$ cat input_15.txt   # compact mmCIF, N, CA and C atoms
# COMPACT_ATOMS: atom_id res chain seq x y z
N MET M 1 -5.90 173.47 148.32
CA MET M 1 -4.97 173.63 147.21
C MET M 1 -4.60 175.10 147.09
N ASP M 2 -3.35 175.36 146.84
CA ASP M 2 -2.83 176.71 146.64
C ASP M 2 -3.56 177.38 145.46
N ASP M 3 -3.95 178.64 145.62
CA ASP M 3 -4.68 179.37 144.57
C ASP M 3 -3.88 179.47 143.28
N ARG M 4 -2.55 179.62 143.38
CA ARG M 4 -1.72 179.70 142.17
C ARG M 4 -1.78 178.39 141.38
N ILE M 5 -1.78 177.29 142.07
CA ILE M 5 -1.87 175.98 141.41
C ILE M 5 -3.24 175.81 140.79
N ARG M 6 -4.29 176.15 141.52
CA ARG M 6 -5.65 176.03 140.98
C ARG M 6 -5.82 176.88 139.72
N ASP M 7 -5.27 178.10 139.75
CA ASP M 7 -5.35 178.96 138.58
C ASP M 7 -4.59 178.36 137.40
N ALA M 8 -3.42 177.80 137.64
CA ALA M 8 -2.62 177.18 136.57
C ALA M 8 -3.33 175.96 136.00
N LEU M 9 -4.00 175.19 136.84
CA LEU M 9 -4.70 173.99 136.36
C LEU M 9 -5.76 174.35 135.32
N SER M 10 -6.38 175.51 135.48
CA SER M 10 -7.47 175.88 134.59
C SER M 10 -6.98 176.37 133.23
N VAL M 11 -5.70 176.69 133.09
CA VAL M 11 -5.20 177.19 131.80
C VAL M 11 -4.04 176.38 131.21
N ASP M 12 -3.31 175.67 132.02
CA ASP M 12 -2.13 174.93 131.55
C ASP M 12 -2.49 173.47 131.25
N MET M 13 -2.61 173.14 129.98
CA MET M 13 -2.93 171.75 129.61
C MET M 13 -1.68 170.88 129.52
N THR M 14 -0.58 171.44 129.08
CA THR M 14 0.64 170.65 128.89
C THR M 14 1.43 170.63 130.18
N ILE M 15 1.58 169.43 130.71
CA ILE M 15 2.31 169.24 131.97
C ILE M 15 3.26 168.05 131.78
N ASP M 16 4.04 167.77 132.79
CA ASP M 16 4.82 166.53 132.84
C ASP M 16 4.33 165.72 134.03
N ILE M 17 4.49 164.43 133.94
CA ILE M 17 4.27 163.56 135.10
C ILE M 17 5.50 162.67 135.25
N THR M 18 5.83 162.38 136.49
CA THR M 18 6.88 161.41 136.78
C THR M 18 6.24 160.24 137.50
N THR M 19 6.28 159.09 136.83
CA THR M 19 5.73 157.86 137.39
C THR M 19 6.89 156.95 137.79
N THR M 20 6.55 155.89 138.50
CA THR M 20 7.52 154.86 138.83
C THR M 20 7.28 153.67 137.91
N GLY M 21 8.32 153.26 137.19
CA GLY M 21 8.19 152.13 136.27
C GLY M 21 7.70 150.88 136.98
N ARG M 22 6.68 150.26 136.43
CA ARG M 22 6.10 149.09 137.09
C ARG M 22 7.02 147.89 137.08
N LYS M 23 7.93 147.81 136.12
CA LYS M 23 8.88 146.69 136.03
C LYS M 23 10.24 147.05 136.60
N THR M 24 10.70 148.27 136.29
CA THR M 24 12.07 148.67 136.68
C THR M 24 12.14 149.36 138.03
N GLY M 25 11.03 149.99 138.44
CA GLY M 25 11.05 150.79 139.66
C GLY M 25 11.74 152.13 139.48
N GLU M 26 12.14 152.45 138.24
CA GLU M 26 12.82 153.70 137.96
C GLU M 26 11.82 154.81 137.64
N ALA M 27 12.24 156.04 137.92
CA ALA M 27 11.40 157.21 137.62
C ALA M 27 11.31 157.39 136.11
N ARG M 28 10.10 157.68 135.64
CA ARG M 28 9.83 157.91 134.21
C ARG M 28 9.07 159.22 134.08
N ARG M 29 9.67 160.20 133.41
CA ARG M 29 9.03 161.51 133.24
C ARG M 29 8.62 161.68 131.78
N ILE M 30 7.35 162.08 131.57
CA ILE M 30 6.84 162.31 130.22
C ILE M 30 6.00 163.58 130.21
N GLU M 31 5.83 164.13 129.02
CA GLU M 31 4.92 165.25 128.82
C GLU M 31 3.55 164.69 128.42
N ILE M 32 2.51 165.30 128.94
CA ILE M 32 1.15 164.82 128.71
C ILE M 32 0.18 166.00 128.84
N TRP M 33 -1.01 165.82 128.32
CA TRP M 33 -2.06 166.82 128.53
C TRP M 33 -2.84 166.48 129.78
N SER M 34 -3.18 167.53 130.51
CA SER M 34 -4.01 167.41 131.70
C SER M 34 -5.26 168.26 131.49
N HIS M 35 -6.36 167.82 132.05
CA HIS M 35 -7.62 168.54 131.93
C HIS M 35 -8.15 168.83 133.33
N TYR M 36 -8.64 170.05 133.51
CA TYR M 36 -9.24 170.45 134.79
C TYR M 36 -10.70 170.77 134.50
N VAL M 37 -11.57 169.85 134.87
CA VAL M 37 -12.99 169.94 134.52
C VAL M 37 -13.81 169.83 135.80
N ASP M 38 -14.61 170.83 136.06
CA ASP M 38 -15.50 170.83 137.23
C ASP M 38 -14.73 170.56 138.53
N GLY M 39 -13.53 171.14 138.63
CA GLY M 39 -12.73 170.99 139.84
C GLY M 39 -11.99 169.68 139.96
N VAL M 40 -11.99 168.87 138.90
CA VAL M 40 -11.33 167.56 138.91
C VAL M 40 -10.20 167.58 137.89
N VAL M 41 -9.04 167.08 138.30
CA VAL M 41 -7.89 166.95 137.40
C VAL M 41 -7.95 165.57 136.75
N LEU M 42 -7.85 165.55 135.41
CA LEU M 42 -7.94 164.30 134.66
C LEU M 42 -6.75 164.17 133.72
N LEU M 43 -6.29 162.93 133.57
CA LEU M 43 -5.34 162.58 132.52
C LEU M 43 -6.08 161.60 131.62
N ALA M 44 -6.06 161.87 130.33
CA ALA M 44 -6.76 161.01 129.38
C ALA M 44 -5.92 160.88 128.12
N ALA M 45 -5.95 159.70 127.54
CA ALA M 45 -5.24 159.47 126.28
C ALA M 45 -6.15 158.70 125.35
N SER M 46 -5.95 158.91 124.07
CA SER M 46 -6.76 158.21 123.08
C SER M 46 -6.62 156.70 123.27
N PRO M 47 -7.60 155.96 122.76
CA PRO M 47 -7.58 154.51 122.96
C PRO M 47 -6.26 153.86 122.55
N GLY M 48 -5.83 152.92 123.37
CA GLY M 48 -4.59 152.20 123.14
C GLY M 48 -3.83 152.01 124.45
N ARG M 49 -2.78 151.23 124.38
CA ARG M 49 -1.95 150.96 125.56
C ARG M 49 -0.96 152.08 125.77
N ARG M 50 -0.75 152.45 127.02
CA ARG M 50 0.20 153.50 127.37
C ARG M 50 0.99 153.05 128.59
N SER M 51 2.31 153.19 128.52
CA SER M 51 3.16 152.79 129.65
C SER M 51 2.89 153.63 130.88
N TRP M 52 2.67 154.93 130.69
CA TRP M 52 2.43 155.79 131.86
C TRP M 52 1.19 155.34 132.62
N TYR M 53 0.17 154.90 131.87
CA TYR M 53 -1.07 154.44 132.50
C TYR M 53 -0.82 153.16 133.29
N ALA M 54 -0.13 152.23 132.69
CA ALA M 54 0.20 150.97 133.38
C ALA M 54 1.03 151.25 134.62
N ASN M 55 1.95 152.20 134.52
CA ASN M 55 2.76 152.56 135.69
C ASN M 55 1.90 153.14 136.81
N LEU M 56 0.93 154.00 136.46
CA LEU M 56 0.06 154.60 137.48
C LEU M 56 -0.89 153.58 138.11
N VAL M 57 -1.34 152.63 137.32
CA VAL M 57 -2.20 151.57 137.87
C VAL M 57 -1.40 150.74 138.88
N ALA M 58 -0.14 150.44 138.54
CA ALA M 58 0.71 149.63 139.42
C ALA M 58 1.19 150.40 140.64
N ASN M 59 1.45 151.69 140.46
CA ASN M 59 1.95 152.53 141.55
C ASN M 59 1.32 153.92 141.42
N PRO M 60 0.21 154.15 142.11
CA PRO M 60 -0.56 155.38 141.90
C PRO M 60 0.08 156.66 142.44
N GLN M 61 1.15 156.57 143.20
CA GLN M 61 1.81 157.78 143.69
C GLN M 61 2.74 158.30 142.60
N PHE M 62 2.62 159.60 142.25
CA PHE M 62 3.47 160.17 141.22
C PHE M 62 3.65 161.65 141.45
N THR M 63 4.43 162.30 140.59
CA THR M 63 4.63 163.75 140.67
C THR M 63 4.01 164.41 139.46
N TYR M 64 3.23 165.44 139.71
CA TYR M 64 2.54 166.23 138.70
C TYR M 64 3.32 167.53 138.57
N HIS M 65 3.88 167.79 137.38
CA HIS M 65 4.76 168.94 137.18
C HIS M 65 4.06 170.01 136.36
N LEU M 66 3.73 171.13 136.99
CA LEU M 66 3.25 172.30 136.25
C LEU M 66 4.49 173.01 135.71
N LYS M 67 4.41 173.50 134.45
CA LYS M 67 5.61 174.07 133.86
C LYS M 67 5.35 175.25 132.94
N GLN M 68 4.12 175.74 132.90
CA GLN M 68 3.83 176.86 132.01
C GLN M 68 3.59 178.14 132.82
N THR M 69 2.39 178.35 133.29
CA THR M 69 2.05 179.57 134.04
C THR M 69 2.91 179.69 135.30
N ILE M 70 3.05 178.58 136.00
CA ILE M 70 3.93 178.51 137.16
C ILE M 70 4.73 177.22 137.06
N GLN M 71 5.81 177.17 137.82
CA GLN M 71 6.61 175.95 137.90
C GLN M 71 6.38 175.38 139.29
N ALA M 72 5.84 174.16 139.32
CA ALA M 72 5.57 173.51 140.60
C ALA M 72 5.56 172.01 140.41
N ASP M 73 6.16 171.31 141.36
CA ASP M 73 6.15 169.85 141.40
C ASP M 73 5.25 169.45 142.56
N VAL M 74 4.15 168.78 142.24
CA VAL M 74 3.13 168.49 143.23
C VAL M 74 2.99 166.98 143.38
N ALA M 75 3.03 166.51 144.63
CA ALA M 75 2.76 165.09 144.88
C ALA M 75 1.33 164.80 144.47
N ALA M 76 1.11 163.65 143.86
CA ALA M 76 -0.22 163.32 143.34
C ALA M 76 -0.49 161.83 143.50
N THR M 77 -1.78 161.51 143.47
CA THR M 77 -2.23 160.13 143.51
C THR M 77 -3.20 159.91 142.36
N ALA M 78 -3.02 158.79 141.67
CA ALA M 78 -3.86 158.45 140.51
C ALA M 78 -4.93 157.45 140.91
N ARG M 79 -6.11 157.63 140.30
CA ARG M 79 -7.18 156.63 140.41
C ARG M 79 -7.64 156.34 138.99
N ALA M 80 -7.40 155.11 138.57
CA ALA M 80 -7.87 154.71 137.24
C ALA M 80 -9.39 154.65 137.25
N ILE M 81 -10.01 155.28 136.27
CA ILE M 81 -11.47 155.23 136.14
C ILE M 81 -11.78 154.09 135.19
N THR M 82 -12.33 153.01 135.74
CA THR M 82 -12.50 151.79 134.95
C THR M 82 -13.96 151.38 134.77
N GLU M 83 -14.86 151.86 135.61
CA GLU M 83 -16.26 151.48 135.52
C GLU M 83 -16.89 152.18 134.31
N GLU M 84 -17.58 151.43 133.46
CA GLU M 84 -18.07 151.93 132.19
C GLU M 84 -18.95 153.18 132.32
N GLY M 85 -19.90 153.16 133.24
CA GLY M 85 -20.79 154.31 133.40
C GLY M 85 -20.05 155.56 133.82
N GLU M 86 -19.13 155.43 134.74
CA GLU M 86 -18.34 156.58 135.17
C GLU M 86 -17.46 157.07 134.03
N ARG M 87 -16.86 156.16 133.28
CA ARG M 87 -16.03 156.54 132.13
C ARG M 87 -16.85 157.34 131.12
N ARG M 88 -18.05 156.86 130.81
CA ARG M 88 -18.91 157.55 129.84
C ARG M 88 -19.26 158.95 130.34
N ARG M 89 -19.63 159.06 131.60
CA ARG M 89 -19.99 160.36 132.18
C ARG M 89 -18.80 161.32 132.13
N VAL M 90 -17.63 160.86 132.57
CA VAL M 90 -16.44 161.72 132.62
C VAL M 90 -15.99 162.10 131.22
N LEU M 91 -15.95 161.14 130.31
CA LEU M 91 -15.48 161.43 128.96
C LEU M 91 -16.45 162.32 128.19
N THR M 92 -17.74 162.15 128.42
CA THR M 92 -18.72 163.03 127.78
C THR M 92 -18.53 164.45 128.29
N ARG M 93 -18.35 164.60 129.59
CA ARG M 93 -18.14 165.93 130.17
C ARG M 93 -16.82 166.53 129.67
N LEU M 94 -15.79 165.71 129.57
CA LEU M 94 -14.50 166.19 129.06
C LEU M 94 -14.65 166.69 127.63
N LYS M 95 -15.39 165.94 126.82
CA LYS M 95 -15.62 166.36 125.44
C LYS M 95 -16.35 167.70 125.39
N GLU M 96 -17.33 167.88 126.24
CA GLU M 96 -18.09 169.14 126.28
C GLU M 96 -17.21 170.31 126.72
N ALA M 97 -16.32 170.05 127.67
CA ALA M 97 -15.54 171.13 128.30
C ALA M 97 -14.26 171.47 127.55
N SER M 98 -13.77 170.56 126.73
CA SER M 98 -12.48 170.77 126.08
C SER M 98 -12.65 171.32 124.67
N PRO M 99 -12.01 172.43 124.36
CA PRO M 99 -12.10 172.97 123.00
C PRO M 99 -11.48 172.04 121.97
N PHE M 100 -10.61 171.14 122.39
CA PHE M 100 -9.95 170.21 121.47
C PHE M 100 -10.84 169.02 121.13
N ARG M 101 -11.90 168.79 121.88
CA ARG M 101 -12.76 167.63 121.66
C ARG M 101 -14.12 168.01 121.06
N GLN M 102 -14.49 169.28 121.10
CA GLN M 102 -15.80 169.70 120.62
C GLN M 102 -15.91 169.47 119.12
N GLY M 103 -17.11 169.15 118.69
CA GLY M 103 -17.35 168.95 117.27
C GLY M 103 -17.10 167.53 116.78
N GLN M 104 -16.57 166.67 117.65
CA GLN M 104 -16.36 165.28 117.25
C GLN M 104 -17.66 164.52 117.46
N PRO M 105 -17.94 163.55 116.60
CA PRO M 105 -19.18 162.79 116.75
C PRO M 105 -19.22 162.04 118.08
N MET M 106 -20.43 161.84 118.59
CA MET M 106 -20.61 161.17 119.88
C MET M 106 -20.02 159.76 119.87
N GLU M 107 -19.95 159.13 118.70
CA GLU M 107 -19.37 157.79 118.63
C GLU M 107 -17.93 157.78 119.14
N ASP M 108 -17.23 158.88 118.98
CA ASP M 108 -15.87 158.95 119.49
C ASP M 108 -15.84 158.75 121.00
N VAL M 109 -16.83 159.27 121.70
CA VAL M 109 -16.89 159.07 123.15
C VAL M 109 -17.01 157.58 123.45
N GLU M 110 -17.84 156.86 122.70
CA GLU M 110 -17.99 155.43 122.94
C GLU M 110 -16.70 154.67 122.68
N GLU M 111 -15.95 155.08 121.66
CA GLU M 111 -14.64 154.45 121.40
C GLU M 111 -13.71 154.71 122.57
N TRP M 112 -13.73 155.93 123.09
CA TRP M 112 -12.90 156.27 124.24
C TRP M 112 -13.34 155.50 125.49
N VAL M 113 -14.64 155.33 125.68
CA VAL M 113 -15.14 154.57 126.83
C VAL M 113 -14.57 153.15 126.78
N ARG M 114 -14.53 152.56 125.59
CA ARG M 114 -14.05 151.19 125.43
C ARG M 114 -12.54 151.04 125.61
N GLY M 115 -11.75 152.06 125.22
CA GLY M 115 -10.32 151.77 125.18
C GLY M 115 -9.34 152.84 125.59
N SER M 116 -9.81 153.96 126.14
CA SER M 116 -8.87 155.01 126.49
C SER M 116 -8.29 154.82 127.89
N CYS M 117 -7.19 155.49 128.11
CA CYS M 117 -6.59 155.58 129.45
C CYS M 117 -7.23 156.78 130.13
N LEU M 118 -7.76 156.58 131.32
CA LEU M 118 -8.45 157.66 132.01
C LEU M 118 -8.12 157.61 133.50
N ILE M 119 -7.54 158.70 133.98
CA ILE M 119 -7.07 158.81 135.36
C ILE M 119 -7.66 160.05 136.01
N GLU M 120 -8.18 159.89 137.21
CA GLU M 120 -8.51 161.04 138.06
C GLU M 120 -7.32 161.28 138.99
N VAL M 121 -6.91 162.52 139.09
CA VAL M 121 -5.72 162.89 139.86
C VAL M 121 -6.13 163.63 141.13
N THR M 122 -5.59 163.20 142.24
CA THR M 122 -5.71 163.94 143.50
C THR M 122 -4.36 164.57 143.77
N LEU M 123 -4.34 165.89 143.89
CA LEU M 123 -3.08 166.61 144.15
C LEU M 123 -2.92 166.83 145.64
N GLY M 124 -1.64 166.77 146.07
CA GLY M 124 -1.34 167.03 147.47
C GLY M 124 -1.15 165.80 148.29

$ encode --input "input_15.txt" --output "structure tokens"
Amino acid sequence: MDDRIRDALSVDMTIDITTTGRKTGEARRIEIWSHYVDGVVLLAASPGRRSWYANLVANPQFTYHLKQTIQADVAATARAITEEGERRRVLTRLKEASPFRQGQPMEDVEEWVRGSCLIEVTLG
């Protein structure tokens, strides 16, 4: 991975992603938060249904758009994290590493394990 991209991943949380619509086949671009934890890129959303998540499950190839520190459009592949133990481990680590999640009760992690959208991203 390019050093400029790696550096941007560690500081730029707000990114865009372009997915392929699972029903329409059309490109769908949205703004989302991305997390770079222990060298892994993650997309996570609070519990509930999300179209972007359904699109990535149906078609895991997408574009990851950096737009703050640097501007770069990077080909990416999504892997939905669905196994409960892995979800708990990843979400607990995300809570520890993210300043936006610290201080929330541990029960919130369990709610997220049960119903959040959680994607591991491979860039390139």

$ atom_distance --input "input_15.txt" --atom1 "atom CA of Val90 of chain M" --atom2 "atom N of Asp3 of chain M"
24.7 Å

$ closest_residue --input "input_15.txt" --among "M:Ile81, M:Ala72, M:Leu94, M:Val113" --to "Ser34 of chain M" --atoms "only C-alpha atoms"
M:Leu94

$ residues_around --input "input_15.txt" --residues "Thr77 of chain M" --least-positions-apart "6" --cutoff "8 Å" --atoms "all atoms listed in the file" --output "compact mmCIF listing (two decimals) with N, CA and C atoms, keeping the file's coordinate frame"
# COMPACT_ATOMS: atom_id res chain seq x y z
N LEU M 56 0.93 154.00 136.46
CA LEU M 56 0.06 154.60 137.48
C LEU M 56 -0.89 153.58 138.11
N ASN M 59 1.45 151.69 140.46
CA ASN M 59 1.95 152.53 141.55
C ASN M 59 1.32 153.92 141.42
N PRO M 60 0.21 154.15 142.11
CA PRO M 60 -0.56 155.38 141.90
C PRO M 60 0.08 156.66 142.44
N GLN M 61 1.15 156.57 143.20
CA GLN M 61 1.81 157.78 143.69
C GLN M 61 2.74 158.30 142.60
N PHE M 62 2.62 159.60 142.25
CA PHE M 62 3.47 160.17 141.22
C PHE M 62 3.65 161.65 141.45
N THR M 63 4.43 162.30 140.59
CA THR M 63 4.63 163.75 140.67
C THR M 63 4.01 164.41 139.46
N TYR M 64 3.23 165.44 139.71
CA TYR M 64 2.54 166.23 138.70
C TYR M 64 3.32 167.53 138.57
N ILE M 119 -7.54 158.70 133.98
CA ILE M 119 -7.07 158.81 135.36
C ILE M 119 -7.66 160.05 136.01
N GLU M 120 -8.18 159.89 137.21
CA GLU M 120 -8.51 161.04 138.06
C GLU M 120 -7.32 161.28 138.99
N VAL M 121 -6.91 162.52 139.09
CA VAL M 121 -5.72 162.89 139.86
C VAL M 121 -6.13 163.63 141.13
N THR M 122 -5.59 163.20 142.24
CA THR M 122 -5.71 163.94 143.50
C THR M 122 -4.36 164.57 143.77
N LEU M 123 -4.34 165.89 143.89
CA LEU M 123 -3.08 166.61 144.15
C LEU M 123 -2.92 166.83 145.64
N GLY M 124 -1.64 166.77 146.07
CA GLY M 124 -1.34 167.03 147.47
C GLY M 124 -1.15 165.80 148.29

$ atom_distance --input "input_15.txt" --atom1 "atom CA of Asp16 of chain M" --atom2 "atom CA of Gly48 of chain M"
19.7 Å

$ closest_residue --input "input_15.txt" --among "M:Leu9, M:Ala45, M:Ile15, M:Ala78" --to "Trp112 of chain M" --atoms "all atoms listed in the file"
M:Ala45

$ closest_residue --input "input_15.txt" --among "M:Ala75, M:Val109, M:Ile17, M:Gln68" --to "Arg88 of chain M" --atoms "only N, CA and C atoms"
M:Val109

$ atom_distance --input "input_15.txt" --atom1 "atom CA of Pro47 of chain M" --atom2 "atom N of Glu111 of chain M"
8.5 Å

$ closest_residue --input "input_15.txt" --among "M:Arg114, M:Asp2, M:Trp52, M:Leu43" --to "Arg28 of chain M" --atoms "only N, CA and C atoms"
M:Trp52

$ residues_around --input "input_15.txt" --residues "Val37 of chain M" --least-positions-apart "2" --cutoff "9 Å" --atoms "only C-alpha atoms" --output "VMD selection string"
chain M and resid 10 35 39 to 42 93 to 94 97 to 98

$ write_last_selection --input "input_15.txt" --atoms "N, CA and C atoms" --output "PDB file, in the frame of the given file"
ATOM      1  N   SER M  10      -6.380 175.510 135.480  1.00  0.00           N
ATOM      2  CA  SER M  10      -7.470 175.880 134.590  1.00  0.00           C
ATOM      3  C   SER M  10      -6.980 176.370 133.230  1.00  0.00           C
ATOM      4  N   HIS M  35      -6.360 167.820 132.050  1.00  0.00           N
ATOM      5  CA  HIS M  35      -7.620 168.540 131.930  1.00  0.00           C
ATOM      6  C   HIS M  35      -8.150 168.830 133.330  1.00  0.00           C
ATOM      7  N   GLY M  39     -13.530 171.140 138.630  1.00  0.00           N
ATOM      8  CA  GLY M  39     -12.730 170.990 139.840  1.00  0.00           C
ATOM      9  C   GLY M  39     -11.990 169.680 139.960  1.00  0.00           C
ATOM     10  N   VAL M  40     -11.990 168.870 138.900  1.00  0.00           N
ATOM     11  CA  VAL M  40     -11.330 167.560 138.910  1.00  0.00           C
ATOM     12  C   VAL M  40     -10.200 167.580 137.890  1.00  0.00           C
ATOM     13  N   VAL M  41      -9.040 167.080 138.300  1.00  0.00           N
ATOM     14  CA  VAL M  41      -7.890 166.950 137.400  1.00  0.00           C
ATOM     15  C   VAL M  41      -7.950 165.570 136.750  1.00  0.00           C
ATOM     16  N   LEU M  42      -7.850 165.550 135.410  1.00  0.00           N
ATOM     17  CA  LEU M  42      -7.940 164.300 134.660  1.00  0.00           C
ATOM     18  C   LEU M  42      -6.750 164.170 133.720  1.00  0.00           C
ATOM     19  N   ARG M  93     -18.350 164.600 129.590  1.00  0.00           N
ATOM     20  CA  ARG M  93     -18.140 165.930 130.170  1.00  0.00           C
ATOM     21  C   ARG M  93     -16.820 166.530 129.670  1.00  0.00           C
ATOM     22  N   LEU M  94     -15.790 165.710 129.570  1.00  0.00           N
ATOM     23  CA  LEU M  94     -14.500 166.190 129.060  1.00  0.00           C
ATOM     24  C   LEU M  94     -14.650 166.690 127.630  1.00  0.00           C
ATOM     25  N   ALA M  97     -16.320 170.050 127.670  1.00  0.00           N
ATOM     26  CA  ALA M  97     -15.540 171.130 128.300  1.00  0.00           C
ATOM     27  C   ALA M  97     -14.260 171.470 127.550  1.00  0.00           C
ATOM     28  N   SER M  98     -13.770 170.560 126.730  1.00  0.00           N
ATOM     29  CA  SER M  98     -12.480 170.770 126.080  1.00  0.00           C
ATOM     30  C   SER M  98     -12.650 171.320 124.670  1.00  0.00           C
TER      31      SER M  98
END

$ select_by_dssp --input "input_15.txt" --residues "chain M" --states "strand (DSSP E)" --output "ChimeraX atom specification"
/M:14-20,27-37,40-45,61-66,72-80,117-123

$ select_by_dssp --input "input_15.txt" --residues "chain M" --states "helix (DSSP H, G or I)" --output "PyMOL selection string"
chain M and resi 3-11+51-58+84-97+106-115
